[in-house]
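**Q** What follows is a structure written as structure tokens; I'll ask about it next.
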Amino acid sequence: MTPSTFTNEPLANFADAAQRQRFAQALAEAPRIFGQDLPCLLDGRSVTTGRWLDSVNPAHPTQVIGRVAHGTQAEVERAVEAARRAQVRWGKTSIEQRVALLRATAEHLRRRREWFAALVVFEVGKPWREADADVVEAIDYLEYYSVQMLELAKGKSVGQRPGEANQYRYIPRGVCAVVAPWNFPLGILTGMSSAALAAGNVVILKPAEQSPIIAYHLTRAFHEAGVPPDVVQYLPGLGEEVGKALVEHPHVALIMFTGSKAVGLSILRTISVPVAGQRVMKHAVVEMGGKNAIVIDDDADLDEAIKGIVTSAFGYQGQKCSAASRLIAHEAVYDRLVQRLIPAVEGLVICDPVEPRCELGPLIDHDALVRVRQAIANGHSSSRCLLEYPAQRLPSEGYFVGPSLFADVDPRSPLAQEELFGPVVCVFRVKSFSEGIALANDTEYGLTGGVYSRSPSHIQEAIESFQVGNLYLNRPITGSIVGRQPFGGYKLSGLGTKAGGPDYLLQLVLPKTICENTARHGIPLE
Amino acid sequence: MSVTQPMASVEERTQEIERELLERARHEHEHLTTLNRWTKQVLSWTLSDPQVKAVVLRFLDCLPSLRTPQAVVQHVRDYFPTHQRRLPHALRLGASLSRPGLLTAPAAAMVVRHVVEQMARQFIAGSHLHDAVAVIRRMADRGVLVSLDALGEQVASESEAEAYMQRYLSLIEELSVACRGLRAPDAVGGRPMVHLSIKPSSLSAHFDPLSMEDSVSRALDRLRRIAQQAVNHGAAITLDMEQYQLRDVTLELARRLLCEPGIGERLQLGIVLQAYLQDSESVMKELLGWLEARHRRLHVRLVKGAYWDSEIAFALQRGWGVPVYQRKLQTDQSFERLTNLVLSHAPLVHPEVGSHHPHAIGYAMAVAEAKGLAKETVEFQLLYGMGDAMQGAIHQMGYPVRVYTPLGELIPGMAYLVRRILENTANESFLRQELWG
């Protein structure tokens, strides 16, 4: 019997020597699969295209994790064609059957949890805890959306009158392109695809160029769990080529995207104009960036605030859409906060994330390194640098950059306004809590936000006025948990969809009304 | 080799001792004002209503951070709206006085601060060296020893850990000088007058079980110097036990220190065993084996454990099994099993029983008698500001007594204070009996 309630998968407890040992062993064994050539997985076949893309370890860019076949327009056509055929079957597959397959996939990930986490460490440079949380999130999504779909399948009740039977139920939207980011290479990818699958849509996975190996193994996990190979297809490639072609394809009905604001907005623009042969209004779920702030009130517990700031701003090198990049401190605590924060950040251990002591790993790739370095250089010329991590303490190879803190930043400047996706933080001084909230809101984004305060009226003010999708009070602003802190922003951060929340699946289905006349000639009413 | 008496007679003897302790404590109590009026007022009131208790604790937690009278008044209004009829008298006063036009904000704020400072002073000795010396002298007059706990902010950086280390080093040195010539209390068996309880997390900003090796070596670099200082001055140190997450890394730190040449065989080092942890017994047995094999001795302070609520929340939020016993009876039984275990291995370990509960204390004494242990080998430890009468009673019965004494300012002390109040407003607490009795 399938359970009807959801329970989060436990996080790894690294205080337990046995769990540390298992993780270390998985890290030692993971390189065995490195260096393989991995094909596209289309319509049940392995397809190579003659074009290859290397995926490398960002801590050691000469180490190739694997090579994946690059899709082109031709593969997009082939994948969508297969998906259209599969959609007819998958849409009619009973929800119980779909859910059973998703749960089998979760079980598969559970059995190989350390193996997947190790792959996350190597392919995208996450430290142990972050890598473990990535896998746990993937498992949680598979289980959570299963439970949600069983609930949604009941439909909603509508009015009834004698002689007519009314139904209100949900049907799949159709072929879904999942265009995923690299920063939660397993979690977000699994989240978007499992939601689409649960809702009855077949999926074409277009992983990020930086994390195609993990995506390949997730696809294999779906297949090994029994999801038909044409229901989940694996199509790596360039965003501007494969991603774009999928979005524009007349037979792709649903696009699920997590990534930059620029791409997200261009997807929304593209789908608003039907193309030749298109017979459905496309729908997109887009989750974009943030320029997230933490406001530190004059009565904040600074011990807690400093811990929370370090976690929020520098966890996974600040490469999370939920990461804090702006600190807004009340003038009464500003000096003390900065004075304690600087040495705390300066002491962070930056090294290869395979090492358990690692607190900051590398940035994802060379482009990111150049971008963040440039932003730091700009910061130096336009504002006051509070902390520059000594370069000689950075590893000699890999895309490492030290964390930076800047003060006296112009609130309208790019440093204060644009999402950077790196360990760079602006610190602002304000005269009151209300001014702090106003400054926090002074951005086009509205994803996450945090408040450290012990004043009940200020907390109430934040609840009412802080314009973010996820507001965190007296705790870090990253690390949302499926089913407990549904995740997603508004303003230019997103359309208000909440991953891991009770309304998410509604975005992936279409409501259908059925009304039957039951009062035929000669048949009495009930 | 002592002959172990049957458990029934230990239980009988426990009850006998417990009665004697309470009798003596009652007698002592007449000569002491264990709790000042305000503390009693606020504590007795928080006992009655868990919801209000939470509000009061949150307010206490926040109060020291408030810099202006206006801020105090605003927070009093926020936390204790005037329509709230269930307020403690003192705080209700603060709230109604803070209404515009009745009394100036500075006056109202002063009332509130005074109440809370009075309460804090009940449990925290002061922040200066002379406060520490005064406590040691005052306690010594009553035949009681002290262990000092240097309260402070959590360590956020290595420079803050460095500052803690300097504080420990100078405390040991200056207290040793100040206490020279001070007569040790009777029946303490050559126990050091200068004793520090050290939080391992204060030794490094990177004290994380995930990176055991790195964490231990960073903390050990500082602990080694503190230990050397202690050895030089004949002082002793105990590594306090914090959250369960830090238990194994703390024990590893203790083992590594005991292996340090020149220190390991000379230092009087203590660790803490928390009875509310389900695996304390197996961990202790493993540690006993290690001590035996390495020919090292260790002081073991047996306590109930003070992080019960946060351990449960921490584990449940992560989907882990709860590491603590969830029923008080189980913890009490564990305390007795661990008492037996630790006392059975004297003098490989020096037993220290940290409890205010007359039954737990009586039980340890009964077991000690049954095992034929000399009274001076079993130390009893109590918390500063709590159960002074019980301290006197234990001392009168001929056992060494040490009082765990926090030293520090109000702000960093507040977390400690809140923990004590939480602990003491829990059901069946000894303080409760003292309050109502």
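How things are named: the first chain in the structure tokens is A, the next is B, and so on; residues count from 1 in each chain; ligands count from 1 in the order shown.
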When you get a sec, could you note down which chain B residues fall within 9 Å of chain A, using only C-alpha atoms, as a VMD selection string?
**A** chain B and resid 58 to 59 61 to 67 71 74 to 75 78 to 79 153 to 160 205 to 206 208 to 215 244 to 249 317 to 320
**Q** In Å to one decimal, how far is CA of Val370 (chain A) from CA of Asp442 (chain A)?
**A**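 We find that CA of Asp442 (chain A) and CA of Val370 (chain A) lie 27.1 Å from each other.
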**Q** If you run DSSP over the backbone, which residues in region 238-400 of chain A end up strand (DSSP E)? Put them as a ChimeraX atom specification.
**A** /A:254-258,283-287,292-296,324-330,384-388
**Q** Keeping N, CA and C atoms for every residue in the selection just given, could you write it to a file as a PDB file, in the first residue's frame?
**A**
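And here's part-v2.pdb as it stands now:
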ATOM      1  N   LEU A 254       4.772  22.574 -22.498  1.00  0.00           N
ATOM      2  CA  LEU A 254       5.111  23.052 -21.154  1.00  0.00           C
ATOM      3  C   LEU A 254       6.619  23.200 -21.035  1.00  0.00           C
ATOM      4  N   ILE A 255       7.039  24.335 -20.537  1.00  0.00           N
ATOM      5  CA  ILE A 255       8.472  24.547 -20.321  1.00  0.00           C
ATOM      6  C   ILE A 255       8.694  24.787 -18.840  1.00  0.00           C
ATOM      7  N   MET A 256       9.590  24.026 -18.258  1.00  0.00           N
ATOM      8  CA  MET A 256       9.938  24.245 -16.860  1.00  0.00           C
ATOM      9  C   MET A 256      11.384  24.702 -16.834  1.00  0.00           C
ATOM     10  N   PHE A 257      11.559  25.901 -16.319  1.00  0.00           N
ATOM     11  CA  PHE A 257      12.884  26.506 -16.381  1.00  0.00           C
ATOM     12  C   PHE A 257      13.272  27.078 -15.027  1.00  0.00           C
ATOM     13  N   THR A 258      14.507  26.835 -14.630  1.00  0.00           N
ATOM     14  CA  THR A 258      15.091  27.523 -13.488  1.00  0.00           C
ATOM     15  C   THR A 258      16.426  28.055 -13.949  1.00  0.00           C
ATOM     16  N   HIS A 283       2.737  26.820 -21.853  1.00  0.00           N
ATOM     17  CA  HIS A 283       2.776  27.339 -20.489  1.00  0.00           C
ATOM     18  C   HIS A 283       4.197  27.180 -19.970  1.00  0.00           C
ATOM     19  N   ALA A 284       4.652  28.155 -19.205  1.00  0.00           N
ATOM     20  CA  ALA A 284       6.013  28.064 -18.663  1.00  0.00           C
ATOM     21  C   ALA A 284       6.016  28.296 -17.161  1.00  0.00           C
ATOM     22  N   VAL A 285       6.809  27.489 -16.490  1.00  0.00           N
ATOM     23  CA  VAL A 285       7.090  27.713 -15.080  1.00  0.00           C
ATOM     24  C   VAL A 285       8.534  28.211 -15.035  1.00  0.00           C
ATOM     25  N   VAL A 286       8.728  29.472 -14.700  1.00  0.00           N
ATOM     26  CA  VAL A 286      10.099  29.995 -14.695  1.00  0.00           C
ATOM     27  C   VAL A 286      10.462  30.474 -13.297  1.00  0.00           C
ATOM     28  N   GLU A 287      11.602  30.032 -12.863  1.00  0.00           N
ATOM     29  CA  GLU A 287      12.124  30.471 -11.568  1.00  0.00           C
ATOM     30  C   GLU A 287      13.461  31.132 -11.830  1.00  0.00           C
ATOM     31  N   ASN A 292      19.221  38.808  -2.751  1.00  0.00           N
ATOM     32  CA  ASN A 292      18.538  38.631  -1.479  1.00  0.00           C
ATOM     33  C   ASN A 292      19.246  39.338  -0.330  1.00  0.00           C
ATOM     34  N   ALA A 293      18.421  39.892   0.550  1.00  0.00           N
ATOM     35  CA  ALA A 293      18.953  40.693   1.655  1.00  0.00           C
ATOM     36  C   ALA A 293      18.628  40.065   3.004  1.00  0.00           C
ATOM     37  N   ILE A 294      19.527  40.296   3.943  1.00  0.00           N
ATOM     38  CA  ILE A 294      19.260  39.975   5.340  1.00  0.00           C
ATOM     39  C   ILE A 294      19.301  41.289   6.115  1.00  0.00           C
ATOM     40  N   VAL A 295      18.250  41.551   6.860  1.00  0.00           N
ATOM     41  CA  VAL A 295      18.175  42.776   7.657  1.00  0.00           C
ATOM     42  C   VAL A 295      18.492  42.425   9.108  1.00  0.00           C
ATOM     43  N   ILE A 296      19.464  43.142   9.673  1.00  0.00           N
ATOM     44  CA  ILE A 296      19.874  42.866  11.052  1.00  0.00           C
ATOM     45  C   ILE A 296      19.441  44.031  11.935  1.00  0.00           C
ATOM     46  N   ALA A 324      22.301  35.016   0.154  1.00  0.00           N
ATOM     47  CA  ALA A 324      22.289  36.420   0.575  1.00  0.00           C
ATOM     48  C   ALA A 324      23.439  37.148  -0.095  1.00  0.00           C
ATOM     49  N   SER A 325      23.145  38.294  -0.712  1.00  0.00           N
ATOM     50  CA  SER A 325      24.232  39.092  -1.274  1.00  0.00           C
ATOM     51  C   SER A 325      24.190  40.520  -0.745  1.00  0.00           C
ATOM     52  N   ARG A 326      23.172  40.822   0.099  1.00  0.00           N
ATOM     53  CA  ARG A 326      23.105  42.154   0.708  1.00  0.00           C
ATOM     54  C   ARG A 326      22.833  42.008   2.196  1.00  0.00           C
ATOM     55  N   LEU A 327      23.638  42.667   3.008  1.00  0.00           N
ATOM     56  CA  LEU A 327      23.389  42.723   4.446  1.00  0.00           C
ATOM     57  C   LEU A 327      22.998  44.149   4.774  1.00  0.00           C
ATOM     58  N   ILE A 328      21.930  44.281   5.531  1.00  0.00           N
ATOM     59  CA  ILE A 328      21.443  45.606   5.877  1.00  0.00           C
ATOM     60  C   ILE A 328      21.369  45.661   7.398  1.00  0.00           C
ATOM     61  N   ALA A 329      22.312  46.395   7.993  1.00  0.00           N
ATOM     62  CA  ALA A 329      22.418  46.366   9.458  1.00  0.00           C
ATOM     63  C   ALA A 329      22.011  47.701  10.065  1.00  0.00           C
ATOM     64  N   HIS A 330      21.281  47.637  11.134  1.00  0.00           N
ATOM     65  CA  HIS A 330      20.933  48.824  11.922  1.00  0.00           C
ATOM     66  C   HIS A 330      22.222  49.444  12.440  1.00  0.00           C
ATOM     67  N   ARG A 384      33.977  50.573  -0.810  1.00  0.00           N
ATOM     68  CA  ARG A 384      35.060  50.281   0.117  1.00  0.00           C
ATOM     69  C   ARG A 384      35.084  48.785   0.397  1.00  0.00           C
ATOM     70  N   CYS A 385      36.230  48.189   0.149  1.00  0.00           N
ATOM     71  CA  CYS A 385      36.355  46.747   0.364  1.00  0.00           C
ATOM     72  C   CYS A 385      36.657  46.487   1.837  1.00  0.00           C
ATOM     73  N   LEU A 386      35.790  45.716   2.504  1.00  0.00           N
ATOM     74  CA  LEU A 386      35.998  45.404   3.922  1.00  0.00           C
ATOM     75  C   LEU A 386      36.877  44.176   4.074  1.00  0.00           C
ATOM     76  N   LEU A 387      36.783  43.302   3.094  1.00  0.00           N
ATOM     77  CA  LEU A 387      37.544  42.067   3.195  1.00  0.00           C
ATOM     78  C   LEU A 387      37.871  41.544   1.814  1.00  0.00           C
ATOM     79  N   GLU A 388      39.133  41.320   1.611  1.00  0.00           N
ATOM     80  CA  GLU A 388      39.560  40.622   0.423  1.00  0.00           C
ATOM     81  C   GLU A 388      40.354  39.412   0.897  1.00  0.00           C
TER      82      GLU A 388
END
**Q** Enumerate, as a JSON list (two decimals) with N, CA and C atoms, in the first residue's frame, the complete set of residues in region 108-237 of chain A that a backbone-based DSSP assignment places in helix (DSSP H, G or I).
**A**
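Written file, result_26.json:
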[["chain", "number", "residue", "atom", "x", "y", "z"],
["A", 108, "HIS", "N", 15.66, 4.13, -5.82],
["A", 108, "HIS", "CA", 16.92, 3.96, -6.54],
["A", 108, "HIS", "C", 17.94, 5.00, -6.06],
["A", 109, "LEU", "N", 17.52, 6.25, -5.95],
["A", 109, "LEU", "CA", 18.43, 7.30, -5.47],
["A", 109, "LEU", "C", 18.85, 7.05, -4.03],
["A", 110, "ARG", "N", 17.88, 6.57, -3.24],
["A", 110, "ARG", "CA", 18.17, 6.29, -1.83],
["A", 110, "ARG", "C", 19.27, 5.24, -1.70],
["A", 111, "ARG", "N", 19.15, 4.20, -2.51],
["A", 111, "ARG", "CA", 20.14, 3.11, -2.44],
["A", 111, "ARG", "C", 21.53, 3.60, -2.83],
["A", 113, "ARG", "N", 22.66, 6.81, -2.69],
["A", 113, "ARG", "CA", 22.65, 8.20, -2.27],
["A", 113, "ARG", "C", 24.06, 8.79, -2.18],
["A", 114, "GLU", "N", 24.98, 8.06, -1.57],
["A", 114, "GLU", "CA", 26.35, 8.60, -1.44],
["A", 114, "GLU", "C", 27.02, 8.69, -2.81],
["A", 115, "TRP", "N", 26.71, 7.73, -3.66],
["A", 115, "TRP", "CA", 27.29, 7.73, -4.99],
["A", 115, "TRP", "C", 26.88, 8.99, -5.76],
["A", 116, "PHE", "N", 25.58, 9.28, -5.72],
["A", 116, "PHE", "CA", 25.10, 10.49, -6.39],
["A", 116, "PHE", "C", 25.70, 11.75, -5.76],
["A", 117, "ALA", "N", 25.76, 11.76, -4.42],
["A", 117, "ALA", "CA", 26.30, 12.94, -3.74],
["A", 117, "ALA", "C", 27.77, 13.14, -4.13],
["A", 118, "ALA", "N", 28.50, 12.05, -4.24],
["A", 118, "ALA", "CA", 29.91, 12.16, -4.63],
["A", 118, "ALA", "C", 30.03, 12.77, -6.02],
["A", 119, "LEU", "N", 29.12, 12.36, -6.90],
["A", 119, "LEU", "CA", 29.12, 12.92, -8.25],
["A", 119, "LEU", "C", 28.85, 14.43, -8.22],
["A", 120, "VAL", "N", 27.97, 14.84, -7.32],
["A", 120, "VAL", "CA", 27.69, 16.26, -7.16],
["A", 120, "VAL", "C", 28.94, 17.01, -6.70],
["A", 121, "VAL", "N", 29.68, 16.41, -5.76],
["A", 121, "VAL", "CA", 30.92, 17.02, -5.27],
["A", 121, "VAL", "C", 31.87, 17.24, -6.45],
["A", 122, "PHE", "N", 32.02, 16.21, -7.27],
["A", 122, "PHE", "CA", 33.01, 16.28, -8.36],
["A", 122, "PHE", "C", 32.56, 17.15, -9.53],
["A", 123, "GLU", "N", 31.30, 17.03, -9.91],
["A", 123, "GLU", "CA", 30.90, 17.72, -11.14],
["A", 123, "GLU", "C", 30.62, 19.21, -10.94],
["A", 124, "VAL", "N", 30.10, 19.59, -9.76],
["A", 124, "VAL", "CA", 29.78, 21.02, -9.58],
["A", 124, "VAL", "C", 30.47, 21.65, -8.38],
["A", 128, "TRP", "N", 30.51, 18.60, 1.17],
["A", 128, "TRP", "CA", 29.77, 17.40, 1.55],
["A", 128, "TRP", "C", 28.32, 17.63, 1.93],
["A", 129, "ARG", "N", 28.10, 18.54, 2.89],
["A", 129, "ARG", "CA", 26.73, 18.73, 3.39],
["A", 129, "ARG", "C", 25.80, 19.21, 2.28],
["A", 130, "GLU", "N", 26.33, 20.12, 1.45],
["A", 130, "GLU", "CA", 25.52, 20.67, 0.37],
["A", 130, "GLU", "C", 25.20, 19.58, -0.66],
["A", 131, "ALA", "N", 26.19, 18.74, -0.94],
["A", 131, "ALA", "CA", 25.99, 17.67, -1.91],
["A", 131, "ALA", "C", 24.96, 16.66, -1.40],
["A", 132, "ASP", "N", 25.07, 16.34, -0.12],
["A", 132, "ASP", "CA", 24.10, 15.41, 0.47],
["A", 132, "ASP", "C", 22.70, 16.00, 0.40],
["A", 133, "ALA", "N", 22.58, 17.30, 0.72],
["A", 133, "ALA", "CA", 21.26, 17.94, 0.72],
["A", 133, "ALA", "C", 20.65, 17.95, -0.69],
["A", 134, "ASP", "N", 21.51, 18.03, -1.70],
["A", 134, "ASP", "CA", 21.05, 18.01, -3.08],
["A", 134, "ASP", "C", 20.35, 16.68, -3.41],
["A", 135, "VAL", "N", 20.96, 15.59, -2.98],
["A", 135, "VAL", "CA", 20.37, 14.27, -3.23],
["A", 135, "VAL", "C", 19.09, 14.10, -2.42],
["A", 136, "VAL", "N", 19.14, 14.54, -1.17],
["A", 136, "VAL", "CA", 17.96, 14.42, -0.31],
["A", 136, "VAL", "C", 16.79, 15.20, -0.90],
["A", 137, "GLU", "N", 17.09, 16.37, -1.44],
["A", 137, "GLU", "CA", 16.03, 17.18, -2.04],
["A", 137, "GLU", "C", 15.41, 16.44, -3.24],
["A", 138, "ALA", "N", 16.25, 15.79, -4.02],
["A", 138, "ALA", "CA", 15.74, 15.03, -5.17],
["A", 138, "ALA", "C", 14.78, 13.93, -4.71],
["A", 139, "ILE", "N", 15.20, 13.20, -3.69],
["A", 139, "ILE", "CA", 14.34, 12.12, -3.16],
["A", 139, "ILE", "C", 13.04, 12.71, -2.64],
["A", 140, "ASP", "N", 13.16, 13.82, -1.92],
["A", 140, "ASP", "CA", 11.97, 14.47, -1.35],
["A", 140, "ASP", "C", 10.98, 14.86, -2.45],
["A", 141, "TYR", "N", 11.47, 15.44, -3.53],
["A", 141, "TYR", "CA", 10.57, 15.86, -4.61],
["A", 141, "TYR", "C", 9.81, 14.67, -5.18],
["A", 142, "LEU", "N", 10.54, 13.58, -5.43],
["A", 142, "LEU", "CA", 9.88, 12.40, -6.00],
["A", 142, "LEU", "C", 8.75, 11.93, -5.08],
["A", 143, "GLU", "N", 9.01, 11.91, -3.80],
["A", 143, "GLU", "CA", 8.00, 11.44, -2.85],
["A", 143, "GLU", "C", 6.89, 12.47, -2.66],
["A", 144, "TYR", "N", 7.29, 13.74, -2.60],
["A", 144, "TYR", "CA", 6.30, 14.79, -2.30],
["A", 144, "TYR", "C", 5.29, 14.94, -3.43],
["A", 145, "TYR", "N", 5.80, 15.03, -4.66],
["A", 145, "TYR", "CA", 4.87, 15.22, -5.77],
["A", 145, "TYR", "C", 4.01, 13.98, -5.99],
["A", 146, "SER", "N", 4.50, 12.83, -5.60],
["A", 146, "SER", "CA", 3.67, 11.63, -5.66],
["A", 146, "SER", "C", 2.44, 11.79, -4.79],
["A", 147, "VAL", "N", 2.69, 12.20, -3.56],
["A", 147, "VAL", "CA", 1.57, 12.39, -2.62],
["A", 147, "VAL", "C", 0.65, 13.50, -3.11],
["A", 148, "GLN", "N", 1.24, 14.59, -3.61],
["A", 148, "GLN", "CA", 0.42, 15.70, -4.09],
["A", 148, "GLN", "C", -0.45, 15.29, -5.27],
["A", 149, "MET", "N", 0.10, 14.45, -6.15],
["A", 149, "MET", "CA", -0.67, 14.06, -7.34],
["A", 149, "MET", "C", -1.83, 13.15, -6.97],
["A", 150, "LEU", "N", -1.59, 12.27, -6.00],
["A", 150, "LEU", "CA", -2.68, 11.39, -5.55],
["A", 150, "LEU", "C", -3.82, 12.25, -5.01],
["A", 151, "GLU", "N", -3.47, 13.35, -4.38],
["A", 151, "GLU", "CA", -4.48, 14.25, -3.84],
["A", 151, "GLU", "C", -5.20, 15.00, -4.97],
["A", 152, "LEU", "N", -4.40, 15.50, -5.91],
["A", 152, "LEU", "CA", -4.95, 16.29, -7.02],
["A", 152, "LEU", "C", -5.88, 15.45, -7.90],
["A", 187, "GLY", "N", 18.86, 18.02, -7.40],
["A", 187, "GLY", "CA", 17.64, 18.45, -6.71],
["A", 187, "GLY", "C", 16.64, 19.13, -7.62],
["A", 188, "ILE", "N", 17.06, 20.21, -8.26],
["A", 188, "ILE", "CA", 16.10, 20.98, -9.07],
["A", 188, "ILE", "C", 15.71, 20.20, -10.32],
["A", 189, "LEU", "N", 16.67, 19.53, -10.93],
["A", 189, "LEU", "CA", 16.37, 18.72, -12.12],
["A", 189, "LEU", "C", 15.32, 17.65, -11.79],
["A", 190, "THR", "N", 15.53, 16.96, -10.69],
["A", 190, "THR", "CA", 14.58, 15.93, -10.29],
["A", 190, "THR", "C", 13.24, 16.55, -9.91],
["A", 191, "GLY", "N", 13.32, 17.70, -9.23],
["A", 191, "GLY", "CA", 12.08, 18.35, -8.80],
["A", 191, "GLY", "C", 11.20, 18.71, -9.98],
["A", 192, "MET", "N", 11.78, 19.38, -10.97],
["A", 192, "MET", "CA", 10.98, 19.80, -12.11],
["A", 192, "MET", "C", 10.48, 18.59, -12.89],
["A", 193, "SER", "N", 11.36, 17.59, -13.11],
["A", 193, "SER", "CA", 10.90, 16.46, -13.93],
["A", 193, "SER", "C", 9.91, 15.57, -13.19],
["A", 194, "SER", "N", 10.11, 15.38, -11.89],
["A", 194, "SER", "CA", 9.17, 14.49, -11.18],
["A", 194, "SER", "C", 7.79, 15.14, -11.09],
["A", 195, "ALA", "N", 7.75, 16.46, -10.94],
["A", 195, "ALA", "CA", 6.45, 17.13, -10.89],
["A", 195, "ALA", "C", 5.73, 16.97, -12.24],
["A", 196, "ALA", "N", 6.48, 17.20, -13.32],
["A", 196, "ALA", "CA", 5.88, 17.06, -14.64],
["A", 196, "ALA", "C", 5.38, 15.64, -14.88],
["A", 197, "LEU", "N", 6.20, 14.67, -14.50],
["A", 197, "LEU", "CA", 5.83, 13.26, -14.70],
["A", 197, "LEU", "C", 4.62, 12.88, -13.86],
["A", 198, "ALA", "N", 4.62, 13.31, -12.61],
["A", 198, "ALA", "CA", 3.49, 12.98, -11.74],
["A", 198, "ALA", "C", 2.20, 13.52, -12.35],
["A", 212, "PRO", "N", 25.98, 17.82, -16.99],
["A", 212, "PRO", "CA", 25.23, 16.83, -17.77],
["A", 212, "PRO", "C", 25.42, 15.38, -17.29],
["A", 213, "ILE", "N", 26.50, 15.13, -16.55],
["A", 213, "ILE", "CA", 26.78, 13.75, -16.15],
["A", 213, "ILE", "C", 25.78, 13.29, -15.09],
["A", 214, "ILE", "N", 25.56, 14.16, -14.10],
["A", 214, "ILE", "CA", 24.57, 13.84, -13.07],
["A", 214, "ILE", "C", 23.21, 13.62, -13.72],
["A", 215, "ALA", "N", 22.87, 14.49, -14.69],
["A", 215, "ALA", "CA", 21.57, 14.38, -15.35],
["A", 215, "ALA", "C", 21.45, 13.06, -16.12],
["A", 216, "TYR", "N", 22.55, 12.65, -16.73],
["A", 216, "TYR", "CA", 22.53, 11.35, -17.43],
["A", 216, "TYR", "C", 22.19, 10.23, -16.45],
["A", 217, "HIS", "N", 22.85, 10.25, -15.30],
["A", 217, "HIS", "CA", 22.61, 9.17, -14.34],
["A", 217, "HIS", "C", 21.23, 9.25, -13.70],
["A", 218, "LEU", "N", 20.69, 10.47, -13.59],
["A", 218, "LEU", "CA", 19.31, 10.57, -13.11],
["A", 218, "LEU", "C", 18.37, 9.95, -14.14],
["A", 219, "THR", "N", 18.59, 10.25, -15.43],
["A", 219, "THR", "CA", 17.75, 9.68, -16.47],
["A", 219, "THR", "C", 17.79, 8.15, -16.43],
["A", 220, "ARG", "N", 19.01, 7.65, -16.27],
["A", 220, "ARG", "CA", 19.15, 6.18, -16.16],
["A", 220, "ARG", "C", 18.39, 5.66, -14.94],
["A", 221, "ALA", "N", 18.43, 6.41, -13.87],
["A", 221, "ALA", "CA", 17.71, 5.98, -12.67],
["A", 221, "ALA", "C", 16.21, 5.90, -12.94],
["A", 222, "PHE", "N", 15.67, 6.90, -13.65],
["A", 222, "PHE", "CA", 14.25, 6.84, -14.02],
["A", 222, "PHE", "C", 13.96, 5.57, -14.82],
["A", 223, "HIS", "N", 14.82, 5.31, -15.80],
["A", 223, "HIS", "CA", 14.59, 4.15, -16.68],
["A", 223, "HIS", "C", 14.72, 2.85, -15.92],
["A", 224, "GLU", "N", 15.74, 2.75, -15.09],
["A", 224, "GLU", "CA", 15.93, 1.51, -14.33],
["A", 224, "GLU", "C", 14.79, 1.28, -13.36]]
**Q** So how far away is CA of Ser201 (chain B) from CA of Leu273 (chain B), in Å?
**A** 16.7 Å
**Q** So how many Å separate CA of Val252 (chain A) and CA of Thr72 (chain A), to one decimal?
**A**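 The value is 16.2 Å.
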**Q** With distances taken over only C-alpha atoms, which of B:Gly262, B:Arg183, B:Gln278, B:Gly152 is nearest to Met139 (chain B)?
**A**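 Looking at the shortest contact to Met139 (chain B), the residue is B:Arg183.
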